[in-house]
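File shown here: upload.txt, holding compact mmCIF, C-alpha atoms.
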# COMPACT_ATOMS: atom_id res chain seq x y z
CA MET A 90 143.56 105.99 81.80
CA ASP A 91 140.13 104.35 81.59
CA LYS A 92 139.01 102.19 84.50
CA PRO A 93 138.53 98.51 83.56
CA VAL A 94 134.84 97.58 83.37
CA ASN A 95 134.06 94.61 85.59
CA GLN A 96 130.42 93.65 85.89
CA LYS A 97 131.03 90.31 87.64
CA ALA A 98 130.13 91.83 91.01
CA TRP A 99 126.51 91.93 89.88
CA LEU A 100 126.48 88.12 90.21
CA LEU A 101 127.08 88.53 93.94
CA VAL A 102 123.89 90.57 94.20
CA LEU A 103 121.77 87.81 92.66
CA PRO A 104 121.13 85.87 95.91
CA VAL A 105 119.79 89.06 97.53
CA VAL A 106 117.61 89.78 94.50
CA ALA A 107 116.22 86.23 94.60
CA THR A 108 115.58 86.41 98.35
CA VAL A 109 113.83 89.78 98.10
CA ALA A 110 111.78 88.55 95.14
CA PHE A 111 110.54 85.50 97.04
CA SER A 112 110.05 87.15 100.41
CA ALA A 113 108.77 90.57 99.39
CA VAL A 114 108.04 91.24 95.72
CA ILE A 115 105.95 88.15 94.92
CA PRO A 116 103.91 88.32 98.16
CA LEU A 117 103.35 92.04 97.53
CA MET A 118 102.14 91.34 94.00
CA THR A 119 99.76 88.74 95.43
CA VAL A 120 98.41 91.28 97.90
CA VAL A 121 97.79 93.70 95.02
CA ASN A 122 95.91 90.93 93.19
CA TYR A 123 93.84 90.12 96.30
CA SER A 124 93.00 93.79 96.88
CA LEU A 125 90.93 93.90 93.68
CA GLN A 126 88.93 90.72 94.26
CA ASP A 127 86.34 89.24 96.54
CA ILE A 128 87.92 85.95 97.53
CA PHE A 129 85.85 83.09 98.95
CA ASP A 130 88.35 80.29 98.37
CA PRO A 131 91.31 79.77 96.00
CA GLN A 132 88.98 78.81 93.15
CA THR A 133 86.09 81.17 93.83
CA ARG A 134 86.94 84.84 93.44
CA TYR A 135 85.32 87.83 91.76
CA PHE A 136 86.90 90.99 90.42
CA VAL A 137 85.51 94.02 92.28
CA GLY A 138 87.82 96.78 91.03
CA THR A 139 88.59 99.50 93.57
CA GLU A 140 85.64 98.75 95.83
CA TRP A 141 87.77 97.56 98.78
CA PHE A 142 89.99 100.62 98.57
CA ARG A 143 86.94 102.92 98.74
CA GLU A 144 85.58 100.89 101.63
CA VAL A 145 88.86 100.96 103.57
CA LEU A 146 89.49 104.67 102.93
CA ASN A 147 86.02 105.55 104.21
CA ASN A 148 86.00 103.10 107.13
CA PRO A 149 85.75 105.12 110.39
CA SER A 150 87.43 102.35 112.44
CA ILE A 151 90.49 102.38 110.18
CA ARG A 152 90.66 106.19 110.18
CA ALA A 153 90.46 106.18 113.97
CA ALA A 154 93.17 103.48 114.19
CA LEU A 155 95.40 105.52 111.84
CA GLY A 156 94.94 108.58 114.06
CA ARG A 157 95.79 106.53 117.16
CA GLN A 158 98.79 105.04 115.40
CA LEU A 159 100.21 108.43 114.37
CA LEU A 160 99.59 109.83 117.86
CA PHE A 161 101.27 106.81 119.45
CA SER A 162 104.34 107.07 117.19
CA LEU A 163 104.60 110.81 117.82
CA ILE A 164 104.43 110.43 121.62
CA VAL A 165 106.89 107.52 121.56
CA LEU A 166 109.40 109.60 119.58
CA LEU A 167 108.90 112.67 121.77
CA ILE A 168 109.65 110.62 124.88
CA GLU A 169 112.24 108.07 123.73
CA ILE A 170 114.56 110.31 121.71
CA PRO A 171 115.24 112.98 124.39
CA LEU A 172 115.28 110.34 127.13
CA GLY A 173 117.70 108.19 125.14
CA ILE A 174 120.02 111.15 124.56
CA GLY A 175 119.84 112.08 128.24
CA ILE A 176 120.70 108.60 129.46
CA ALA A 177 123.52 108.24 126.91
CA LEU A 178 125.01 111.55 128.12
CA THR A 179 125.04 110.38 131.74
CA MET A 180 126.67 107.03 131.00
CA PRO A 181 130.36 106.52 131.84
CA ARG A 182 132.68 106.78 128.82
CA ARG A 183 135.44 104.59 130.27
CA GLY A 184 135.99 102.19 133.14
CA PRO A 185 134.49 99.00 134.56
CA TRP A 186 130.91 100.35 134.65
CA VAL A 187 130.71 100.65 130.88
CA PRO A 188 130.02 96.94 130.18
CA VAL A 189 127.62 96.77 133.15
CA CYS A 190 125.59 99.69 131.77
CA LEU A 191 125.63 98.28 128.24
CA ILE A 192 124.42 94.85 129.38
CA LEU A 193 121.66 96.36 131.54
CA LEU A 194 120.53 98.53 128.64
CA ALA A 195 120.60 95.65 126.17
CA LEU A 196 118.42 93.41 128.36
CA PRO A 197 114.99 94.87 127.43
CA LEU A 198 115.91 94.59 123.75
CA LEU A 199 116.49 90.86 124.15
CA VAL A 200 112.98 90.17 125.47
CA PRO A 201 110.58 88.98 122.74
CA TRP A 202 107.70 91.35 122.03
CA ASN A 203 104.90 89.08 123.21
CA VAL A 204 106.83 88.33 126.43
CA VAL A 205 107.13 92.10 127.04
CA GLY A 206 103.33 92.31 126.71
CA THR A 207 102.87 89.43 129.16
CA ILE A 208 105.34 90.93 131.66
CA TRP A 209 103.51 94.27 131.64
CA GLN A 210 100.09 92.67 131.64
CA ILE A 211 100.91 91.00 134.96
CA PHE A 212 103.06 93.86 136.29
CA ALA A 213 100.31 96.46 135.75
CA ARG A 214 97.34 94.41 136.95
CA PRO A 215 95.55 96.29 139.73
CA ASP A 216 94.82 93.11 141.72
CA ILE A 217 98.12 91.16 141.67
CA GLY A 218 100.62 93.30 139.70
CA LEU A 219 103.42 95.11 141.51
CA LEU A 220 102.90 98.36 139.59
CA GLY A 221 99.11 98.20 139.67
CA ARG A 222 98.95 97.56 143.40
CA LEU A 223 101.58 100.23 144.12
CA VAL A 224 99.75 102.92 142.14
CA ASN A 225 96.42 101.99 143.71
CA GLY A 226 98.13 101.89 147.11
CA LEU A 227 99.15 105.52 146.57
CA GLY A 228 95.47 106.40 146.31
CA ILE A 229 95.38 106.73 142.52
CA PRO A 230 92.57 104.55 141.09
CA TYR A 231 94.48 102.83 138.30
CA ASN A 232 93.00 100.12 136.09
CA TYR A 233 94.36 99.74 132.57
CA THR A 234 91.73 97.16 131.64
CA GLY A 235 88.82 99.54 132.20
CA ASN A 236 90.16 103.05 131.66
CA PRO A 237 91.32 104.08 128.12
CA LEU A 238 93.73 106.73 129.46
CA HIS A 239 95.34 104.23 131.82
CA ALA A 240 95.57 101.70 128.98
CA TRP A 241 97.33 104.28 126.79
CA LEU A 242 99.72 105.26 129.55
CA THR A 243 100.56 101.61 130.22
CA VAL A 244 101.19 100.86 126.53
CA LEU A 245 103.37 103.98 126.25
CA VAL A 246 105.38 103.22 129.39
CA MET A 247 105.82 99.63 128.21
CA ASP A 248 107.14 100.81 124.84
CA VAL A 249 109.47 103.32 126.49
CA TRP A 250 110.77 100.56 128.79
CA HIS A 251 111.30 98.22 125.87
CA TRP A 252 112.83 100.52 123.27
CA THR A 253 114.53 103.53 124.87
CA SER A 254 117.63 101.35 125.27
CA LEU A 255 117.99 101.20 121.51
CA VAL A 256 118.13 104.99 121.29
CA VAL A 257 120.57 105.07 124.22
CA LEU A 258 122.90 102.54 122.60
CA LEU A 259 122.87 104.36 119.27
CA CYS A 260 123.53 107.74 120.93
CA TYR A 261 126.21 106.23 123.14
CA ALA A 262 127.99 104.84 120.08
CA GLY A 263 127.71 108.28 118.46
CA LEU A 264 129.12 110.01 121.54
CA GLN A 265 132.02 107.55 121.80
CA ALA A 266 132.95 108.40 118.21
CA ILE A 267 133.53 112.08 119.02
CA PRO A 268 137.30 112.68 119.21
CA ASP A 269 138.69 114.00 122.52
CA ALA A 270 140.19 116.96 120.68
CA TYR A 271 136.73 118.54 120.42
CA TYR A 272 136.25 118.40 124.21
CA GLN A 273 139.77 119.70 124.81
CA ALA A 274 139.10 122.67 122.53
CA ALA A 275 135.82 123.33 124.35
CA ARG A 276 137.59 123.25 127.72
CA ILE A 277 140.22 125.73 126.50
CA ASP A 278 137.40 128.03 125.31
CA GLY A 279 135.70 127.69 128.69
CA ALA A 280 132.51 126.27 127.15
CA SER A 281 129.68 125.34 129.52
CA ARG A 282 128.28 121.80 129.66
CA PHE A 283 125.23 122.92 127.72
CA ALA A 284 127.39 124.62 125.08
CA VAL A 285 129.39 121.41 124.65
CA PHE A 286 126.15 119.50 124.14
CA ARG A 287 124.63 122.11 121.82
CA HIS A 288 127.65 122.77 119.61
CA ILE A 289 129.69 119.56 119.75
CA GLU A 290 127.65 116.55 120.81
CA LEU A 291 124.27 117.25 119.22
CA PRO A 292 125.64 118.07 115.73
CA ARG A 293 127.80 114.94 115.84
CA LEU A 294 124.80 112.86 116.89
CA LYS A 295 122.60 113.96 113.97
CA GLY A 296 123.33 110.87 111.89
CA VAL A 297 122.61 108.31 114.62
CA LEU A 298 119.58 110.29 115.78
CA LEU A 299 118.10 110.14 112.30
CA ILE A 300 118.60 106.37 112.29
CA ALA A 301 117.10 106.17 115.79
CA VAL A 302 114.06 108.22 114.74
CA LEU A 303 113.61 106.10 111.63
CA LEU A 304 113.88 102.80 113.52
CA ARG A 305 111.62 103.93 116.35
CA PHE A 306 109.06 105.40 113.98
CA MET A 307 108.94 102.25 111.86
CA ASP A 308 108.71 99.96 114.86
CA SER A 309 106.12 102.01 116.70
CA PHE A 310 104.08 102.43 113.53
CA MET A 311 103.96 98.66 113.07
CA ILE A 312 103.47 97.78 116.75
CA TYR A 313 101.35 94.68 117.23
CA ALA A 314 102.33 92.03 119.77
CA GLU A 315 102.84 94.17 122.88
CA PRO A 316 99.47 96.03 122.96
CA PHE A 317 97.71 92.91 121.66
CA VAL A 318 98.93 90.89 124.64
CA LEU A 319 98.64 93.75 127.15
CA THR A 320 95.23 95.24 126.37
CA GLY A 321 93.88 93.24 123.42
CA GLY A 322 93.19 96.62 121.78
CA GLY A 323 90.85 97.72 124.57
CA PRO A 324 89.13 98.96 126.53
CA GLY A 325 86.72 99.29 123.62
CA SER A 326 89.04 100.04 120.74
CA SER A 327 91.10 102.69 122.53
CA THR A 328 94.43 100.90 121.99
CA THR A 329 93.60 99.18 118.71
CA PHE A 330 96.37 100.13 116.32
CA LEU A 331 96.56 99.57 112.58
CA SER A 332 98.31 96.21 112.57
CA GLN A 333 95.88 94.75 115.08
CA LEU A 334 92.89 95.93 113.09
CA LEU A 335 94.48 94.53 109.94
CA THR A 336 95.11 91.15 111.57
CA THR A 337 91.53 90.99 112.85
CA MET A 338 90.28 91.75 109.34
CA ALA A 339 92.57 89.29 107.54
CA VAL A 340 92.84 86.40 109.97
CA GLY A 341 89.86 86.86 112.28
CA GLN A 342 87.17 87.75 109.77
CA PHE A 343 88.96 86.28 106.74
CA ASP A 344 88.10 89.39 104.67
CA LEU A 345 91.10 88.93 102.41
CA GLY A 346 90.15 91.55 99.79
CA PRO A 347 89.59 94.49 102.17
CA ALA A 348 92.56 93.36 104.28
CA ALA A 349 94.79 93.38 101.18
CA ALA A 350 93.61 96.90 100.26
CA PHE A 351 94.19 97.99 103.86
CA SER A 352 97.71 96.53 103.94
CA LEU A 353 98.62 98.25 100.67
CA ILE A 354 97.55 101.63 102.06
CA TYR A 355 99.48 100.84 105.27
CA PHE A 356 102.52 99.92 103.14
CA LEU A 357 102.29 103.16 101.16
CA ILE A 358 102.24 105.24 104.35
CA ILE A 359 105.34 103.43 105.65
CA LEU A 360 107.04 103.74 102.26
CA LEU A 361 106.46 107.50 102.22
CA PHE A 362 107.88 108.03 105.71
CA SER A 363 110.84 105.72 105.00
CA TYR A 364 111.67 107.61 101.83
CA VAL A 365 111.56 110.96 103.63
CA PHE A 366 113.87 109.64 106.38
CA TYR A 367 116.16 107.96 103.84
CA THR A 368 116.47 111.18 101.82
CA ALA A 369 117.21 113.16 105.00
CA MET A 370 119.90 110.64 106.00
CA VAL A 371 121.55 110.71 102.58
CA ARG A 372 121.56 114.51 102.54
CA LEU A 373 123.00 114.65 106.06
CA GLY A 374 125.69 112.13 105.12
CA ARG A 375 126.69 114.30 102.16
CA ALA A 376 126.67 117.49 104.21
CA GLU A 377 129.01 115.88 106.74
CA GLY A 378 131.25 114.79 103.88
CA MET B 42 100.89 80.87 89.64
CA GLU B 43 97.20 80.22 90.32
CA TRP B 44 97.69 80.93 94.03
CA MET B 45 98.70 84.51 93.19
CA ALA B 46 95.13 85.15 91.99
CA TRP B 47 96.11 87.09 88.86
CA THR B 48 93.60 89.25 87.02
CA LEU B 49 94.00 91.00 83.67
CA PRO B 50 94.14 94.55 85.16
CA THR B 51 96.89 93.56 87.63
CA ILE B 52 98.86 91.82 84.85
CA VAL B 53 98.63 95.03 82.79
CA PHE B 54 99.58 97.12 85.84
CA PHE B 55 102.70 95.11 86.73
CA SER B 56 103.69 94.75 83.09
CA GLY B 57 103.46 98.54 82.79
CA ILE B 58 105.71 99.02 85.82
CA GLY B 59 108.11 96.38 84.46
CA VAL B 60 108.30 98.01 81.02
CA LEU B 61 108.82 101.41 82.67
CA LEU B 62 111.71 100.08 84.75
CA LEU B 63 113.22 98.35 81.72
CA LEU B 64 113.02 101.51 79.60
CA MET B 65 114.51 103.59 82.39
CA THR B 66 117.37 101.07 82.74
CA ILE B 67 118.08 101.22 78.99
CA TRP B 68 117.91 105.03 79.13
CA GLN B 69 120.33 105.00 82.07
CA VAL B 70 122.80 102.76 80.19
CA VAL B 71 122.56 104.82 76.99
CA SER B 72 122.64 108.19 78.72
CA PRO B 73 123.64 108.03 82.42
CA SER B 74 121.56 110.27 84.68
CA VAL B 75 123.20 113.27 86.33
CA GLU B 76 121.87 114.51 89.65
CA ARG B 77 120.29 117.96 89.34
CA LYS B 78 118.07 120.37 91.20
CA GLY B 79 114.67 121.24 89.79
CA PHE B 80 111.54 122.50 91.52
CA LEU B 81 111.74 119.67 94.10
CA PRO B 82 113.48 120.75 97.32
CA ILE B 83 116.17 118.08 96.90
CA PRO B 84 118.64 117.28 94.12
CA THR B 85 117.42 114.17 92.31
CA THR B 86 118.46 111.66 89.69
CA ARG B 87 116.10 110.38 87.01
CA GLY B 88 115.42 107.25 89.10
CA ASP B 89 114.59 109.36 92.17
CA ARG B 90 112.09 111.38 90.15
CA LEU B 91 110.50 108.19 88.78
CA PHE B 92 110.15 106.78 92.31
CA ILE B 93 108.66 110.04 93.63
CA GLY B 94 106.34 110.14 90.62
CA LEU B 95 105.12 106.56 91.13
CA LEU B 96 104.65 107.07 94.87
CA SER B 97 102.73 110.28 94.35
CA ALA B 98 100.66 108.57 91.63
CA ALA B 99 99.60 105.99 94.24
CA TYR B 100 98.60 108.79 96.63
CA ILE B 101 96.74 110.67 93.85
CA HIS B 102 94.69 107.53 93.14
CA LEU B 103 93.98 106.96 96.84
CA ALA B 104 92.94 110.59 97.35
CA TRP B 105 90.70 110.33 94.29
CA LEU B 106 89.01 107.22 95.70
CA ALA B 107 88.60 108.78 99.13
CA LEU B 108 87.30 112.16 97.99
CA THR B 109 85.16 111.37 94.95
CA GLU B 110 82.12 109.15 94.71
CA ALA B 111 81.40 108.18 91.11
CA VAL B 112 84.02 110.09 89.12
CA SER B 113 86.05 107.79 86.86
CA LEU B 114 89.46 106.74 88.16
CA TRP B 115 90.89 107.38 84.68
CA TRP B 116 90.99 111.08 85.59
CA ALA B 117 93.30 110.26 88.49
CA PHE B 118 95.41 108.17 86.10
CA ALA B 119 95.62 111.05 83.60
CA LEU B 120 96.55 113.46 86.39
CA SER B 121 99.25 111.03 87.60
CA VAL B 122 100.74 110.66 84.11
CA VAL B 123 100.89 114.45 83.67
CA TRP B 124 102.43 114.83 87.14
CA LEU B 125 105.00 112.10 86.38
CA LEU B 126 106.01 113.79 83.12
CA VAL B 127 106.29 117.21 84.80
CA LEU B 128 108.35 115.66 87.58
CA LEU B 129 110.70 113.86 85.17
CA ARG B 130 111.23 117.01 83.11
CA TRP B 131 111.33 119.81 85.69
CA GLY B 132 111.47 118.10 89.10
How does this structure look as structure tokens?
Amino acid sequence: MDKPVNQKAWLLVLPVVATVAFSAVIPLMTVVNYSLQDIFDPQTRYFVGTEWFREVLNNPSIRAALGRQLLFSLIVLLIEIPLGIGIALTMPRRGPWVPVCLILLALPLLVPWNVVGTIWQIFARPDIGLLGRLVNGLGIPYNYTGNPLHAWLTVLVMDVWHWTSLVVLLCYAGLQAIPDAYYQAARIDGASRFAVFRHIELPRLKGVLLIAVLLRFMDSFMIYAEPFVLTGGGPGSSTTFLSQLLTTMAVGQFDLGPAAAFSLIYFLIILLFSYVFYTAMVRLGRAEG
Amino acid sequence: MEWMAWTLPTIVFFSGIGVLLLLMTIWQVVSPSVERKGFLPIPTTRGDRLFIGLLSAAYIHLAWLALTEAVSLWWAFALSVVWLLVLLRWG
């Protein structure tokens, strides 16, 4: 028997389509329009073709910021994913400590990004900050405002502090979803703790880990407020990431044309990575049935 | 729409994308796409191949701009069209 055709559900999608059109599609089209023009004011603009794209693609500051951005995202993922899995594995599965752990882990996620930057800016200051004074008290000359390596380490530690909880919570949810029967079978087989992790927990965590990697990559690749407040992109330009450079160009220097070209290239990079992750997630979902 | 700073090339560009999407939608309604495996490492539908083709066209144009000095961008466009057709047929 043929299924009845009912297309009325499409009407329910209309609000989403309208919202996306107004909040994403139309602004994106405007950015494309801006990227091909030299704009002085709304009435005075000149078509320049692909000049801004050439300029942006050959700009050494932007290339350096892209390199820093990729390095930052890579390090963040290499630290936060294993650390998140490790913490999730050590958390209690049942009992009164579960809500306590969950609340403690959720706390950093509730702090607004610019507040995180302010907290760490004060915390890591070598003159009055608890961390800065402690490290200097141990005989290690630490000053994140003057030393690029220290600035990087501080931004990285800040990001790990802020976002590892997200990975932990995702992994914890994934671990809780594993039926007890798997662990019982492993116990009967005399499997070691590592074998349980390798052959039961890790395969069952693949889906949430992919989501965690996607979310952490996207967020770290678009990071702005925390390093902006903490280091202001310095010392020099050692912690200037793409979004900060873009903001300086668009809002600080009011170079709307080059900034539009820059943001389109930035968008295309994010789109490529998102599509790769999305495809991997879909394939994994199908493989798991 | 003055605030959107339209120019003739961007109107042509977005109209082209719009027409492409419209034609693909009609094609999908007339003859629904079946997922298949071509030379791409993943099984894809017609829409997937169009998306991959458009995304790679953007990267081809950017690479062209970054790596060449005065060579016309129409060559990158021609290359992108050929790549899109290859992808839709054998991808």
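Compared by their closest atoms to Leu108 of chain B, and using all atoms listed in the file, the residues A:Leu146, A:Leu319, A:Leu258, A:Leu357 rank with A:Leu146 nearest.
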Item to complete: Taking all atoms listed in the file into account, report as a PyMOL selection string which residues of chain A lie within 6 Å of chain B.
Response: chain A and resi 119+122+143+146
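Considering the residues A:Gln265, A:Thr368, A:Asn225, A:Thr207 and counting all atoms listed in the file, Phe317 of chain A has its shortest atom-to-atom contact with A:Thr207.
Compared by their closest atoms to Trp68 of chain B, and using all atoms listed in the file, the residues B:Val53, B:Trp124, B:Ala111, B:Arg87 rank with B:Arg87 nearest.
Residues surrounding Leu163 of chain A within 12 Å are Gly156, Arg157, Gln158, Leu159, Leu160, Phe161, Val165, Leu166, Leu167, Ile168, Glu169, Ile170, Leu245, Val302, Leu303, Arg305, Phe306, Met307, Asp308, Ser309 and Phe310 of chain A [all atoms listed in the file; sequence separation below 2 positions excluded].
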Fill in: Spatial neighbours of Pro230 of chain A, 10 Å, only C-alpha atoms, chain gap at least 4 places, as a VMD selection string
chain A and resid 215 221 to 222 224 to 226 236 239
Item to complete: Measure the distance from atom CA of Leu91 of chain B to atom CA of Leu125 of chain B in Å and round it to one decimal.
Response: 7.2 Å
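For the pair atom CA of Asp248 of chain A and atom CA of Gln333 of chain A, the interatomic distance is 16.1 Å.
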Worksheet item: Interatomic distance between atom CA of Val285 of chain A and atom CA of Ile176 of chain A?
Response: 16.2 Å
Enclose segment 337-352 of chain A, meaning all of its atoms listed in the file, in a box aligned along x, y and z, pad it by 6 Å on each side, and list the centre and edge lengths in Å to one decimal, as AutoDock Vina command-line options.
--center_x 92.4 --center_y 92.1 --center_z 106.3 --size_x 22.5 --size_y 23.7 --size_z 25.1
Discussion item. Using all atoms listed in the file, which protein or nucleic acid residues come within 10 Å of Ile300 of chain A? Drop anything in the same chain fewer than 3 positions from it, and give the result as a VMD selection string.
Written reply: chain A and resid 256 259 295 to 297 303 to 306 366 to 367 370
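Across A:Gly279, A:Ser124, A:Pro292, A:Pro185, the tightest approach to Phe136 of chain A is made by A:Ser124 when counting all atoms listed in the file.
Of the residues under consideration (A:Val246, A:Asp127, A:Tyr261, A:Leu334), A:Tyr261 shows the shortest atom-to-atom contact distance to Arg183 of chain A when counting all atoms listed in the file.
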Fill in: Polymer residues at most 10 Å from Pro73 of chain B, only C-alpha atoms, same-chain spacing of 6 or more positions, as a list of chain:residue names
B:Thr66, B:Ile67, B:Thr86, B:Arg87
